[in-house]
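Below is work_30.pdb, which holds PDB, C-alpha atoms.
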```pdb
ATOM      1  CA  MET A  27      -6.960  13.693   4.376  1.00  0.00           C
ATOM      2  CA  THR A  28      -3.497  14.748   5.490  1.00  0.00           C
ATOM      3  CA  ASP A  29      -0.500  14.870   3.162  1.00  0.00           C
ATOM      4  CA  ASP A  30       0.997  11.942   5.126  1.00  0.00           C
ATOM      5  CA  ARG A  31      -1.948   9.693   4.312  1.00  0.00           C
ATOM      6  CA  ARG A  32      -1.938  10.761   0.652  1.00  0.00           C
ATOM      7  CA  ARG A  33       1.589   9.334   0.420  1.00  0.00           C
ATOM      8  CA  LEU A  34       0.495   5.793   1.311  1.00  0.00           C
ATOM      9  CA  GLU A  35       2.150   3.251  -0.951  1.00  0.00           C
ATOM     10  CA  ARG A  36       0.471   1.403  -3.797  1.00  0.00           C
ATOM     11  CA  ILE A  37       1.751  -2.119  -4.273  1.00  0.00           C
ATOM     12  CA  ARG A  38       2.081  -4.027  -7.517  1.00  0.00           C
ATOM     13  CA  LEU A  39      -0.174  -7.064  -7.786  1.00  0.00           C
ATOM     14  CA  GLU A  40       1.435 -10.260  -9.058  1.00  0.00           C
ATOM     15  CA  LYS A  41      -2.004 -11.311 -10.291  1.00  0.00           C
ATOM     16  CA  PRO A  42      -3.965  -8.247 -11.474  1.00  0.00           C
ATOM     17  CA  PHE A  43      -7.717  -8.730 -11.285  1.00  0.00           C
ATOM     18  CA  GLN A  44     -10.691  -7.552 -13.313  1.00  0.00           C
ATOM     19  CA  ALA A  45     -12.910  -4.727 -12.120  1.00  0.00           C
ATOM     20  CA  ARG A  46     -15.251  -2.039 -13.379  1.00  0.00           C
ATOM     21  CA  ILE A  47     -15.056   1.687 -12.773  1.00  0.00           C
ATOM     22  CA  GLY A  48     -18.467   3.047 -13.541  1.00  0.00           C
ATOM     23  CA  SER A  49     -19.437   1.360 -16.817  1.00  0.00           C
ATOM     24  CA  ILE A  50     -15.851   0.791 -17.971  1.00  0.00           C
ATOM     25  CA  GLY A  51     -14.065  -2.544 -17.645  1.00  0.00           C
ATOM     26  CA  ALA A  52     -10.599  -2.282 -16.096  1.00  0.00           C
ATOM     27  CA  LYS A  53      -7.736  -4.320 -14.713  1.00  0.00           C
ATOM     28  CA  VAL A  54      -6.333  -3.420 -11.269  1.00  0.00           C
ATOM     29  CA  LEU A  55      -2.518  -3.395 -11.558  1.00  0.00           C
ATOM     30  CA  GLU A  56      -1.562  -1.717  -8.268  1.00  0.00           C
ATOM     31  CA  ILE A  57      -3.534  -1.054  -5.106  1.00  0.00           C
ATOM     32  CA  GLY A  58      -3.125   0.625  -1.737  1.00  0.00           C
ATOM     33  CA  LEU A  59      -5.241   1.804   1.149  1.00  0.00           C
ATOM     34  CA  LEU A  60      -6.199   5.029  -0.579  1.00  0.00           C
ATOM     35  CA  GLY A  61      -5.915   4.387  -4.284  1.00  0.00           C
ATOM     36  CA  ALA A  62      -5.219   2.125  -7.245  1.00  0.00           C
ATOM     37  CA  LEU A  63      -3.643   2.029 -10.712  1.00  0.00           C
ATOM     38  CA  LEU A  64      -5.972   0.774 -13.436  1.00  0.00           C
ATOM     39  CA  GLU A  65      -5.473  -0.375 -17.018  1.00  0.00           C
ATOM     40  CA  HIS A  66      -8.415   0.023 -19.385  1.00  0.00           C
ATOM     41  CA  GLU A  67      -9.343   0.539 -23.039  1.00  0.00           C
ATOM     42  CA  GLN A  68     -11.868   3.374 -22.787  1.00  0.00           C
ATOM     43  CA  PRO A  69     -10.947   6.934 -21.759  1.00  0.00           C
ATOM     44  CA  LEU A  70     -11.499   8.288 -18.250  1.00  0.00           C
ATOM     45  CA  GLU A  71     -11.458  12.014 -17.581  1.00  0.00           C
ATOM     46  CA  PRO A  72      -9.477  13.244 -14.546  1.00  0.00           C
ATOM     47  CA  GLY A  73     -11.909  14.441 -11.885  1.00  0.00           C
ATOM     48  CA  THR A  74     -14.528  11.852 -12.785  1.00  0.00           C
ATOM     49  CA  GLU A  75     -16.085  10.107  -9.789  1.00  0.00           C
ATOM     50  CA  GLY A  76     -17.457   6.588  -9.866  1.00  0.00           C
ATOM     51  CA  ASN A  77     -17.505   3.258  -8.069  1.00  0.00           C
ATOM     52  CA  LEU A  78     -14.693   0.770  -8.489  1.00  0.00           C
ATOM     53  CA  ASP A  79     -16.470  -2.589  -8.373  1.00  0.00           C
ATOM     54  CA  PHE A  80     -14.959  -6.061  -8.216  1.00  0.00           C
ATOM     55  CA  GLU A  81     -15.473  -9.390  -6.504  1.00  0.00           C
ATOM     56  CA  ARG A  82     -13.134 -10.909  -3.926  1.00  0.00           C
ATOM     57  CA  GLU A  83     -13.605 -14.471  -2.656  1.00  0.00           C
ATOM     58  CA  GLY A  84     -17.237 -14.337  -3.739  1.00  0.00           C
ATOM     59  CA  VAL A  85     -17.869 -11.045  -1.918  1.00  0.00           C
ATOM     60  CA  PRO A  86     -18.822  -7.977  -4.010  1.00  0.00           C
ATOM     61  CA  VAL A  87     -16.621  -4.954  -3.262  1.00  0.00           C
ATOM     62  CA  SER A  88     -17.526  -1.372  -4.145  1.00  0.00           C
ATOM     63  CA  ILE A  89     -15.310   1.652  -3.429  1.00  0.00           C
ATOM     64  CA  ARG A  90     -16.154   5.222  -4.365  1.00  0.00           C
ATOM     65  CA  THR A  91     -13.268   6.761  -6.334  1.00  0.00           C
ATOM     66  CA  VAL A  92     -12.151   9.877  -8.190  1.00  0.00           C
ATOM     67  CA  VAL A  93      -9.814   9.753 -11.203  1.00  0.00           C
ATOM     68  CA  ARG A  94      -6.690  11.787 -10.421  1.00  0.00           C
ATOM     69  CA  ARG A  95      -4.822  11.160 -13.697  1.00  0.00           C
ATOM     70  CA  SER A  96      -5.304   9.188 -16.887  1.00  0.00           C
ATOM     71  CA  ASP A  97      -2.669   8.607 -19.568  1.00  0.00           C
ATOM     72  CA  PHE A  98      -3.083   7.209 -23.063  1.00  0.00           C
ATOM     73  CA  GLN A  99      -0.258   4.790 -23.944  1.00  0.00           C
ATOM     74  CA  SER A 100       0.287   5.251 -27.680  1.00  0.00           C
ATOM     75  CA  LEU A 101       3.200   2.824 -28.152  1.00  0.00           C
ATOM     76  CA  LEU A 102       1.546   0.092 -26.118  1.00  0.00           C
ATOM     77  CA  SER A 103      -1.738   0.663 -27.945  1.00  0.00           C
ATOM     78  CA  GLU A 104      -0.005   0.319 -31.311  1.00  0.00           C
ATOM     79  CA  ALA A 105       1.734  -2.883 -30.229  1.00  0.00           C
ATOM     80  CA  ARG A 106      -1.480  -4.418 -28.879  1.00  0.00           C
ATOM     81  CA  GLY A 107      -3.772  -3.182 -31.609  1.00  0.00           C
ATOM     82  CA  SER A 108      -6.182  -1.729 -29.035  1.00  0.00           C
ATOM     83  CA  ARG A 109      -6.311   1.536 -27.118  1.00  0.00           C
ATOM     84  CA  THR A 110      -4.662   1.317 -23.699  1.00  0.00           C
ATOM     85  CA  TYR A 111      -4.944   3.777 -20.823  1.00  0.00           C
ATOM     86  CA  PHE A 112      -3.423   3.824 -17.347  1.00  0.00           C
ATOM     87  CA  SER A 113      -5.373   5.733 -14.702  1.00  0.00           C
ATOM     88  CA  GLY A 114      -4.618   6.521 -11.087  1.00  0.00           C
ATOM     89  CA  VAL A 115      -7.685   6.701  -8.866  1.00  0.00           C
ATOM     90  CA  GLU A 116      -8.058   7.882  -5.282  1.00  0.00           C
ATOM     91  CA  PHE A 117     -10.471   6.157  -2.934  1.00  0.00           C
ATOM     92  CA  LEU A 118     -13.083   8.493  -1.469  1.00  0.00           C
ATOM     93  CA  GLU A 119     -15.182   6.171   0.663  1.00  0.00           C
ATOM     94  CA  ALA A 120     -15.940   2.516   1.258  1.00  0.00           C
ATOM     95  CA  ALA A 121     -18.370   0.536   3.360  1.00  0.00           C
ATOM     96  CA  GLU A 122     -16.872  -1.524   6.177  1.00  0.00           C
ATOM     97  CA  GLU A 123     -17.108  -4.828   4.290  1.00  0.00           C
ATOM     98  CA  SER A 124     -15.439  -3.382   1.173  1.00  0.00           C
ATOM     99  CA  ALA A 125     -12.719  -1.710   3.251  1.00  0.00           C
ATOM    100  CA  GLY A 126     -12.034  -5.029   4.974  1.00  0.00           C
ATOM    101  CA  ALA A 127     -11.740  -6.843   1.636  1.00  0.00           C
ATOM    102  CA  LEU A 128      -9.286  -4.213   0.407  1.00  0.00           C
ATOM    103  CA  ARG A 129      -7.123  -4.606   3.488  1.00  0.00           C
ATOM    104  CA  ARG A 130      -7.074  -8.395   3.032  1.00  0.00           C
ATOM    105  CA  ILE A 131      -5.861  -7.998  -0.566  1.00  0.00           C
ATOM    106  CA  ILE A 132      -3.010  -5.800   0.639  1.00  0.00           C
ATOM    107  CA  GLU A 133      -2.141  -8.058   3.580  1.00  0.00           C
ATOM    108  CA  GLU A 134      -2.018 -11.126   1.315  1.00  0.00           C
ATOM    109  CA  ARG A 135       0.318  -9.341  -1.102  1.00  0.00           C
ATOM    110  CA  ILE A 136       2.550  -8.215   1.766  1.00  0.00           C
ATOM    111  CA  SER A 137       2.734 -11.774   3.101  1.00  0.00           C
ATOM    112  CA  GLU A 138       3.610 -13.166  -0.337  1.00  0.00           C
ATOM    113  CA  GLU A 139       6.488 -10.747  -0.862  1.00  0.00           C
ATOM    114  CA  ILE A 140       7.838 -11.167   2.665  1.00  0.00           C
ATOM    115  CA  GLU A 141       7.781 -14.960   2.365  1.00  0.00           C
ATOM    116  CA  LEU A 142       9.601 -14.701  -0.968  1.00  0.00           C
ATOM    117  CA  TRP A 143      12.214 -12.409   0.560  1.00  0.00           C
ATOM    118  CA  LYS A 144      12.739 -14.720   3.523  1.00  0.00           C
ATOM    119  CA  ALA A 145      13.161 -17.702   1.199  1.00  0.00           C
ATOM    120  CA  ASN A 146      15.846 -15.907  -0.811  1.00  0.00           C
ATOM    121  CA  ALA A 147      17.558 -13.836   1.868  1.00  0.00           C
ATOM    122  CA  ARG A 148      21.149 -14.735   2.663  1.00  0.00           C
ATOM    123  CA  GLY A 149      22.597 -14.279   6.124  1.00  0.00           C
ATOM    124  CA  VAL A 150      19.318 -13.063   7.626  1.00  0.00           C
ATOM    125  CA  SER A 151      17.888 -14.871  10.641  1.00  0.00           C
ATOM    126  CA  SER A 152      14.535 -16.299   9.653  1.00  0.00           C
ATOM    127  CA  ASP A 153      13.458 -16.307  13.291  1.00  0.00           C
ATOM    128  CA  GLY A 154      14.265 -12.642  13.691  1.00  0.00           C
ATOM    129  CA  THR A 155      12.569 -11.738  10.439  1.00  0.00           C
ATOM    130  CA  ASP A 156       9.455 -13.731  11.233  1.00  0.00           C
ATOM    131  CA  GLN A 157       9.169 -12.115  14.631  1.00  0.00           C
ATOM    132  CA  ALA A 158       9.613  -8.611  13.271  1.00  0.00           C
ATOM    133  CA  PHE A 159       6.923  -8.888  10.636  1.00  0.00           C
ATOM    134  CA  GLU A 160       4.510 -10.769  12.857  1.00  0.00           C
ATOM    135  CA  ARG A 161       4.808  -8.113  15.544  1.00  0.00           C
ATOM    136  CA  ILE A 162       4.073  -5.369  13.037  1.00  0.00           C
ATOM    137  CA  ALA A 163       1.163  -7.156  11.392  1.00  0.00           C
ATOM    138  CA  PRO A 164      -1.460  -4.737  10.017  1.00  0.00           C
ATOM    139  CA  GLY A 165      -3.974  -3.626  12.640  1.00  0.00           C
ATOM    140  CA  GLN A 166      -2.202  -5.357  15.514  1.00  0.00           C
ATOM    141  CA  ARG A 167      -0.702  -2.220  17.055  1.00  0.00           C
ATOM    142  CA  ALA A 168      -3.459   0.256  16.288  1.00  0.00           C
ATOM    143  CA  GLN A 169      -5.427  -0.474  19.460  1.00  0.00           C
ATOM    144  CA  THR A 170      -2.457  -0.130  21.819  1.00  0.00           C
ATOM    145  CA  GLN A 171      -1.316   3.369  21.002  1.00  0.00           C
ATOM    146  CA  SER A 172      -1.996   6.068  23.538  1.00  0.00           C
ATOM    147  CA  SER A 173       1.092   8.280  23.557  1.00  0.00           C
ATOM    148  CA  GLY A 174       1.014   9.137  19.867  1.00  0.00           C
ATOM    149  CA  SER A 175       4.790   8.575  19.599  1.00  0.00           C
ATOM    150  CA  PHE A 176       6.563   6.802  16.769  1.00  0.00           C
ATOM    151  CA  VAL A 177      10.070   5.781  15.717  1.00  0.00           C
ATOM    152  CA  CYS A 178      11.155   7.053  12.305  1.00  0.00           C
ATOM    153  CA  CYS A 179      14.006   5.067  10.684  1.00  0.00           C
ATOM    154  CA  ARG A 180      15.754   6.613   7.667  1.00  0.00           C
ATOM    155  CA  LEU A 181      18.490   4.978   5.595  1.00  0.00           C
ATOM    156  CA  ALA A 182      21.373   7.376   4.920  1.00  0.00           C
ATOM    157  CA  SER A 183      23.442   7.362   1.713  1.00  0.00           C
ATOM    158  CA  ASP A 184      26.402   5.838   3.580  1.00  0.00           C
ATOM    159  CA  GLY A 185      24.315   2.808   4.603  1.00  0.00           C
ATOM    160  CA  SER A 186      23.791   3.876   8.213  1.00  0.00           C
ATOM    161  CA  TRP A 187      20.401   4.399   9.864  1.00  0.00           C
ATOM    162  CA  ARG A 188      19.100   7.632  11.400  1.00  0.00           C
ATOM    163  CA  LYS A 189      16.400   7.068  14.008  1.00  0.00           C
ATOM    164  CA  SER A 190      14.261   9.767  15.583  1.00  0.00           C
ATOM    165  CA  ILE A 191      11.078  10.104  17.638  1.00  0.00           C
ATOM    166  CA  LEU A 192       8.015  11.634  15.955  1.00  0.00           C
ATOM    167  CA  ASN A 193       4.616  12.674  17.255  1.00  0.00           C
ATOM    168  CA  ARG A 194       2.824  11.505  14.110  1.00  0.00           C
ATOM    169  CA  PRO A 195       3.271   8.462  11.849  1.00  0.00           C
ATOM    170  CA  ALA A 196       4.782  10.110   8.759  1.00  0.00           C
ATOM    171  CA  GLN A 197       6.309   7.506   6.420  1.00  0.00           C
ATOM    172  CA  PRO A 198       9.591   8.742   4.840  1.00  0.00           C
ATOM    173  CA  VAL A 199      10.576   7.820   1.291  1.00  0.00           C
ATOM    174  CA  ASP A 200      13.964   6.543   2.507  1.00  0.00           C
ATOM    175  CA  GLY A 201      12.783   4.365   5.398  1.00  0.00           C
ATOM    176  CA  PHE A 202       9.746   3.697   7.552  1.00  0.00           C
ATOM    177  CA  THR A 203       7.977   4.716  10.764  1.00  0.00           C
ATOM    178  CA  VAL A 204       6.648   2.275  13.379  1.00  0.00           C
ATOM    179  CA  PRO A 205       4.981   2.622  16.796  1.00  0.00           C
ATOM    180  CA  LEU A 206       7.313   3.498  19.656  1.00  0.00           C
ATOM    181  CA  GLY A 207       6.369   0.246  21.415  1.00  0.00           C
ATOM    182  CA  GLU A 208       8.408  -1.905  19.001  1.00  0.00           C
ATOM    183  CA  SER A 209      11.545  -3.380  20.587  1.00  0.00           C
ATOM    184  CA  GLU A 210      14.999  -2.409  19.314  1.00  0.00           C
ATOM    185  CA  GLU A 211      15.501  -5.964  18.015  1.00  0.00           C
ATOM    186  CA  GLU A 212      12.279  -5.793  15.992  1.00  0.00           C
ATOM    187  CA  VAL A 213      13.155  -2.391  14.552  1.00  0.00           C
ATOM    188  CA  ASP A 214      16.682  -3.552  13.694  1.00  0.00           C
ATOM    189  CA  SER A 215      15.270  -6.605  11.896  1.00  0.00           C
ATOM    190  CA  LEU A 216      13.010  -4.364   9.830  1.00  0.00           C
ATOM    191  CA  CYS A 217      15.947  -2.082   9.041  1.00  0.00           C
ATOM    192  CA  GLU A 218      17.984  -5.063   7.838  1.00  0.00           C
ATOM    193  CA  ALA A 219      15.124  -6.359   5.700  1.00  0.00           C
ATOM    194  CA  TYR A 220      14.574  -2.887   4.235  1.00  0.00           C
ATOM    195  CA  GLN A 221      18.266  -2.333   3.509  1.00  0.00           C
ATOM    196  CA  ARG A 222      18.816  -5.728   1.878  1.00  0.00           C
ATOM    197  CA  GLY A 223      15.430  -6.080   0.189  1.00  0.00           C
ATOM    198  CA  SER A 224      14.196  -5.142  -3.266  1.00  0.00           C
ATOM    199  CA  ALA A 225      12.437  -1.886  -4.096  1.00  0.00           C
ATOM    200  CA  GLU A 226       9.129  -3.736  -3.969  1.00  0.00           C
ATOM    201  CA  LEU A 227       9.870  -5.155  -0.513  1.00  0.00           C
ATOM    202  CA  ARG A 228      10.769  -1.659   0.703  1.00  0.00           C
ATOM    203  CA  LYS A 229       7.401  -0.387  -0.470  1.00  0.00           C
ATOM    204  CA  LEU A 230       5.683  -3.261   1.310  1.00  0.00           C
ATOM    205  CA  ILE A 231       7.568  -2.581   4.551  1.00  0.00           C
ATOM    206  CA  ARG A 232       6.479   1.061   4.449  1.00  0.00           C
ATOM    207  CA  LEU A 233       2.884   0.066   3.754  1.00  0.00           C
ATOM    208  CA  CYS A 234       2.951  -2.580   6.488  1.00  0.00           C
ATOM    209  CA  ALA A 235       4.385  -0.001   8.899  1.00  0.00           C
ATOM    210  CA  GLU A 236       1.711   2.523   7.891  1.00  0.00           C
ATOM    211  CA  MET A 237      -1.030  -0.030   8.437  1.00  0.00           C
ATOM    212  CA  SER A 238       0.322  -0.733  11.928  1.00  0.00           C
ATOM    213  CA  THR A 239       0.110   2.936  12.944  1.00  0.00           C
ATOM    214  CA  ILE A 240      -3.466   3.724  11.955  1.00  0.00           C
ATOM    215  CA  GLU A 241      -6.781   2.214  12.973  1.00  0.00           C
ATOM    216  CA  SER A 242      -8.460   0.149  10.308  1.00  0.00           C
ATOM    217  CA  SER A 243     -11.544   2.374  10.514  1.00  0.00           C
ATOM    218  CA  SER A 244      -9.482   5.393   9.451  1.00  0.00           C
ATOM    219  CA  SER A 245      -7.523   3.657   6.677  1.00  0.00           C
ATOM    220  CA  ILE A 246     -10.207   4.390   4.107  1.00  0.00           C
ATOM    221  CA  PRO A 247     -12.652   7.280   4.424  1.00  0.00           C
ATOM    222  CA  PRO A 248     -16.017   6.003   5.709  1.00  0.00           C
ATOM    223  CA  PRO A 249     -19.288   6.435   3.802  1.00  0.00           C
ATOM    224  CA  GLY A 250     -20.283  10.080   3.592  1.00  0.00           C
ATOM    225  CA  TYR A 251     -16.718  11.384   4.007  1.00  0.00           C
ATOM    226  CA  ARG A 252     -15.651  14.155   1.653  1.00  0.00           C
ATOM    227  CA  HIS A 253     -12.210  15.779   1.614  1.00  0.00           C
TER
END
```

Rewrite the coordinates I just gave you, this time as structure tokens.
Amino acid sequence: MTDDRRRLERIRLEKPFQARIGSIGAKVLEIGLLGALLEHEQPLEPGTEGNLDFEREGVPVSIRTVVRRSDFQSLLSEARGSRTYFSGVEFLEAAEESAGALRRIIEERISEEIELWKANARGVSSDGTDQAFERIAPGQRAQTQSSGSFVCCRLASDGSWRKSILNRPAQPVDGFTVPLGESEEEVDSLCEAYQRGSAELRKLIRLCAEMSTIESSSSIPPPGYRH
């Protein structure tokens, strides 16, 4: 995997769900296309590989993972009276059905946050915002790209935007990158939402933009893939 793809955002889940990693019960707190943040009560050693298993809408999901870091939370453990760990895992491979379920979880969370932002935004055209996010819906643009060109939008410290053309879809930490085919109005609407939105909305915009620039089949390594 490239460094660009390793930087894909993880998003916080408003409703964490139960899962198992190997034989250990865990709660999924954050999730992204290539990894997740787990909370659990039994230790996990960094470098350990195992399946992250959970159920979504009655469908069993299994994703092969490797533990990249695991931290024991002493203060939280003392307050709760039980050992508490937070572990970051990277996804290694997933079958098509599991990858699809993961994408739906992310898309639902994106939609929830965007709807919340639109309901609370002041002075932002709902029509313009709706159009921008609908046009950049995950997977919608992936099939139309042939030139390999993208627009990178970066928010400067003075509040202005710096836009440049890239040959690859690198997502900056201070903005986002979308396919070159987006209209100026759509890009400007995204810039406004990013600039006025919360830190969580900014993460979601970057993730949504990332999902629009890659094919769904390459979002998660397929079975048998090893990096």

Residues at most 7 Å from Leu78 in chain A, counting all atoms listed in the file, excluding those fewer than 4 positions away in the same chain, as a list in words?
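The contact residues come out as Ala45, Arg46, Ile47, Gly48, Ser88, Ile89, Arg90 and Thr91 of chain A.
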
Applied to this file, what does the PyMOL selection byres ((chain A and resi 189) around 9) return in terms of residues, put as a list in words?
Val177, Cys178, Cys179, Arg180, Leu181, Trp187, Arg188, Ser190 and Ile191 of chain A

Check the smallest atom-to-atom distance from each of A:Ser96, A:Thr203, A:Leu59, A:Leu70 to Arg130 in chain A using only C-alpha atoms, then report the winner.
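Residue with the minimum atom-to-atom distance to Arg130 in chain A: A:Leu59.
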
As a check of understanding, name the residues that the PyMOL selection byres ((chain A and resi 112) around 6) selects in the supplied structure, as a PyMOL selection string.
chain A and resi 64-65+96-97+111+113

In terms of the shortest atom-to-atom distance over all atoms listed in the file, which of A:Lys53, A:Arg222, A:Arg94, A:Arg194 is closest to Lys41 in chain A?
A:Lys53

Using the chain letters and numbering of this document, enumerate as a PDB file with C-alpha atoms, in the coordinates of the input the residues selected by the PyMOL selection byres ((chain A and resi 82) around 12).
```
ATOM      1  CA  PHE A  43      -7.717  -8.730 -11.285  1.00  0.00           C
ATOM      2  CA  GLN A  44     -10.691  -7.552 -13.313  1.00  0.00           C
ATOM      3  CA  ALA A  45     -12.910  -4.727 -12.120  1.00  0.00           C
ATOM      4  CA  ASP A  79     -16.470  -2.589  -8.373  1.00  0.00           C
ATOM      5  CA  PHE A  80     -14.959  -6.061  -8.216  1.00  0.00           C
ATOM      6  CA  GLU A  81     -15.473  -9.390  -6.504  1.00  0.00           C
ATOM      7  CA  GLU A  83     -13.605 -14.471  -2.656  1.00  0.00           C
ATOM      8  CA  GLY A  84     -17.237 -14.337  -3.739  1.00  0.00           C
ATOM      9  CA  VAL A  85     -17.869 -11.045  -1.918  1.00  0.00           C
ATOM     10  CA  PRO A  86     -18.822  -7.977  -4.010  1.00  0.00           C
ATOM     11  CA  VAL A  87     -16.621  -4.954  -3.262  1.00  0.00           C
ATOM     12  CA  SER A  88     -17.526  -1.372  -4.145  1.00  0.00           C
ATOM     13  CA  GLU A 123     -17.108  -4.828   4.290  1.00  0.00           C
ATOM     14  CA  SER A 124     -15.439  -3.382   1.173  1.00  0.00           C
ATOM     15  CA  ALA A 125     -12.719  -1.710   3.251  1.00  0.00           C
ATOM     16  CA  GLY A 126     -12.034  -5.029   4.974  1.00  0.00           C
ATOM     17  CA  ALA A 127     -11.740  -6.843   1.636  1.00  0.00           C
ATOM     18  CA  LEU A 128      -9.286  -4.213   0.407  1.00  0.00           C
ATOM     19  CA  ARG A 129      -7.123  -4.606   3.488  1.00  0.00           C
ATOM     20  CA  ARG A 130      -7.074  -8.395   3.032  1.00  0.00           C
ATOM     21  CA  ILE A 131      -5.861  -7.998  -0.566  1.00  0.00           C
TER      22      ILE A 131
END
```

Taking into account all atoms listed in the file, which residue in the set A:Ser103, A:Ser209, A:Ser186, A:Gln197 is nearest to Arg228 in chain A?
A:Gln197

Can you tell me, as a VMD selection string, what residues are no more than 8 Å from Pro42 in chain A when counting all atoms listed in the file, ignoring any on the same chain fewer than 5 positions away?
chain A and resid 53 to 56
